[in-house]
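The block underneath contains the structure these notes are about, expressed in structure tokens.
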Amino acid sequence: PAPPPPPMLERSKSIAEACMGERFGAYPPHDLEAQGGTCAICFEEKDEVLRLCESESCEARFCRGCVQGFVESVVQDAFYSMPLLRCPGCRSRLQSGVWQPFVKAELWTKYEKCGAALTEFRCGGCHQSRTLWISHNPKLKEVSVFRGVGAKAMVAARNAWQRFSRDQLSGAELWKLIAAAFDISQSLANDTSAIPTVPDRVPIKDMLGLIVDDERRLVLFLAFLREYPRIITYCCGATMCFGCKVAWHK
């Protein structure tokens, strides 16, 4: 008999229980709709094929063996990148929480390390390699991170997150909508200083910590760093340009 299907996000049940929903940073709810049918990769009739994407127009379904082979090939080939995975049928983005159970633990660890590597730099003070990588923090609550944001703006931020999580919105576009939610868009437009200043009212570290999906968190973080490349290292307080990976430009 076929083995029982792995539970969604089996390697992090606390995340599965607490982070599925419509909140900012959560995985959108997804049903694999397991049923008999033809796999769109191997074209064989299977007792169980799965729906991977969220596109209502996509009719492609895949068997577990083909899903595992597809996912592992993409993740295994990732070097210095954290690729998003797309549905083999319609090319829409797949939530990381959908495909994660199909890869071995060591491959998932490799995938996370690729993301951390993209936020690495060599400190100009101690010359040691450091990373700005921020992990998901399940203890964070949306209501505390978005404190002071009005109800209408919060709905807009959630809707923007849903579009971003489906790759229908870029990281830069999401950041602009976040700035609007915190009512700082005008102050950003008026900021003509040579050194862009991170708005105090936006708790960017906690906001990133709300995001369960590692790949989406990285995309938003890199968009933020492109907007605000001036960083101060944790280790020795050196001021650096993240974009150029050198001491901050005089």
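Just remember, in the structure tokens the first chain shown is A, the second B, etc., residues are 1-based per chain, and ligands are 1-based in the order shown.
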In stretch 14-237 of chain A, what's strand (DSSP E or B) per DSSP? Answer as number ranges by chain?
A: 20, 27, 35-38, 45-50, 62, 86, 93, 120-122, 129-131, 230-232
Could you pull out all residues of stretch 41-213 of chain A with a DSSP call of alpha helix (DSSP H) and give them as a ChimeraX atom specification?
/A:64-76,96-99,105-117,142-145,151-165,171-181,185-190,204-210
For A:Arg163, work out the shell of residues within 12 Å, counting only C-alpha atoms and skipping chain neighbours fewer than 5 positions away, then give it as JSON, numbers by chain.
{"A": [22, 24, 25, 27, 28, 54, 92, 93, 156, 157, 158, 168, 169, 170, 171, 173, 174, 177, 216]}
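Residue nearest A:Arg23 within the list A:Asp47, A:Glu56, A:Asp206, A:Glu142: A:Glu142 [criterion: smallest interatomic distance, only C-alpha atoms].
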Which polymer residues have any atom within 12 Å of an atom of stretch 145-151 of chain A, counting only C-alpha atoms, with same-chain residues fewer than 2 positions away left out, as a PyMOL selection string?
chain A and resi 23-25+137+139-143+153-158+178-184+201-211
Nearby residues (only C-alpha atoms) at most 7 Å from A:Cys241, same-chain spacing under 2 positions excluded, as a tab-separated table (two decimals) with all heavy atoms, in the first residue's frame:
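Listing of selection.tsv after writing:
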chain	number	residue	atom	x	y	z
A	229	PRO	N	20.66	50.88	1.68
A	229	PRO	CA	21.87	50.05	1.66
A	229	PRO	C	22.84	50.33	2.81
A	229	PRO	O	23.76	49.54	3.03
A	229	PRO	CB	22.51	50.39	0.31
A	229	PRO	CG	22.06	51.79	0.04
A	229	PRO	CD	20.66	51.88	0.59
A	230	ARG	N	22.65	51.44	3.52
A	230	ARG	CA	23.59	51.78	4.60
A	230	ARG	C	23.28	50.91	5.82
A	230	ARG	O	22.19	50.96	6.37
A	230	ARG	CB	23.48	53.25	4.96
A	230	ARG	CG	24.44	53.71	6.07
A	230	ARG	CD	24.32	55.22	6.24
A	230	ARG	NE	25.18	55.72	7.30
A	230	ARG	CZ	24.76	55.98	8.54
A	230	ARG	NH1	23.49	55.78	8.86
A	230	ARG	NH2	25.59	56.45	9.44
A	231	ILE	N	24.25	50.10	6.24
A	231	ILE	CA	24.07	49.22	7.39
A	231	ILE	C	25.19	49.47	8.41
A	231	ILE	O	26.25	49.98	8.07
A	231	ILE	CB	24.08	47.73	6.98
A	231	ILE	CG1	25.43	47.35	6.36
A	231	ILE	CG2	22.93	47.41	6.03
A	231	ILE	CD1	25.58	45.86	6.10
A	243	GLY	N	25.03	47.23	-0.67
A	243	GLY	CA	25.03	47.02	-2.10
A	243	GLY	C	26.41	46.81	-2.68
A	243	GLY	O	26.64	45.92	-3.50
A	244	CYS	N	27.37	47.62	-2.22
A	244	CYS	CA	28.75	47.54	-2.72
A	244	CYS	C	29.65	46.64	-1.87
A	244	CYS	O	30.75	46.31	-2.28
A	244	CYS	CB	29.35	48.94	-2.81
A	244	CYS	SG	28.44	50.08	-3.87
A	245	LYS	N	29.16	46.30	-0.67
A	245	LYS	CA	29.91	45.45	0.28
A	245	LYS	C	31.24	46.08	0.65
A	245	LYS	O	32.26	45.40	0.79
A	245	LYS	CB	30.13	44.05	-0.31
A	245	LYS	CG	28.85	43.35	-0.78
A	245	LYS	CD	27.90	43.09	0.38
A	245	LYS	CE	26.57	42.52	-0.10
A	245	LYS	NZ	26.65	41.23	-0.76
A	246	VAL	N	31.23	47.41	0.80
A	246	VAL	CA	32.44	48.13	1.21
A	246	VAL	C	32.05	49.14	2.30
A	246	VAL	O	30.87	49.29	2.64
A	246	VAL	CB	33.07	48.91	0.02
A	246	VAL	CG1	33.55	47.93	-1.05
A	246	VAL	CG2	32.08	49.91	-0.57
A	247	ALA	N	33.08	49.80	2.87
A	247	ALA	CA	32.80	50.86	3.85
A	247	ALA	C	31.90	51.92	3.21
A	247	ALA	O	31.98	52.15	1.99
A	247	ALA	CB	34.10	51.48	4.33
A	248	TRP	N	31.03	52.54	4.04
A	248	TRP	CA	30.07	53.49	3.50
A	248	TRP	C	30.78	54.62	2.77
A	248	TRP	O	31.80	55.13	3.20
A	248	TRP	CB	29.20	54.05	4.62
A	248	TRP	CG	28.14	54.96	4.07
A	248	TRP	CD1	28.09	56.32	4.18
A	248	TRP	CD2	26.99	54.59	3.30
A	248	TRP	NE1	26.99	56.81	3.52
A	248	TRP	CE2	26.30	55.77	2.95
A	248	TRP	CE3	26.51	53.36	2.84
A	248	TRP	CZ2	25.12	55.76	2.21
A	248	TRP	CZ3	25.34	53.35	2.08
A	248	TRP	CH2	24.66	54.55	1.78
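Counting only C-alpha atoms, the residue from A:His136, A:Val74, A:Arg122, A:Ser144 that sits nearest to A:Lys110 is A:Val74.
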Go through A:Trp161, A:Phe102, A:Trp108, A:Phe62 one by one, measure the shortest atom-to-atom distance of each to A:Gly89 using only C-alpha atoms, and give the residue with the smallest value.
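Closest candidate: A:Phe62.
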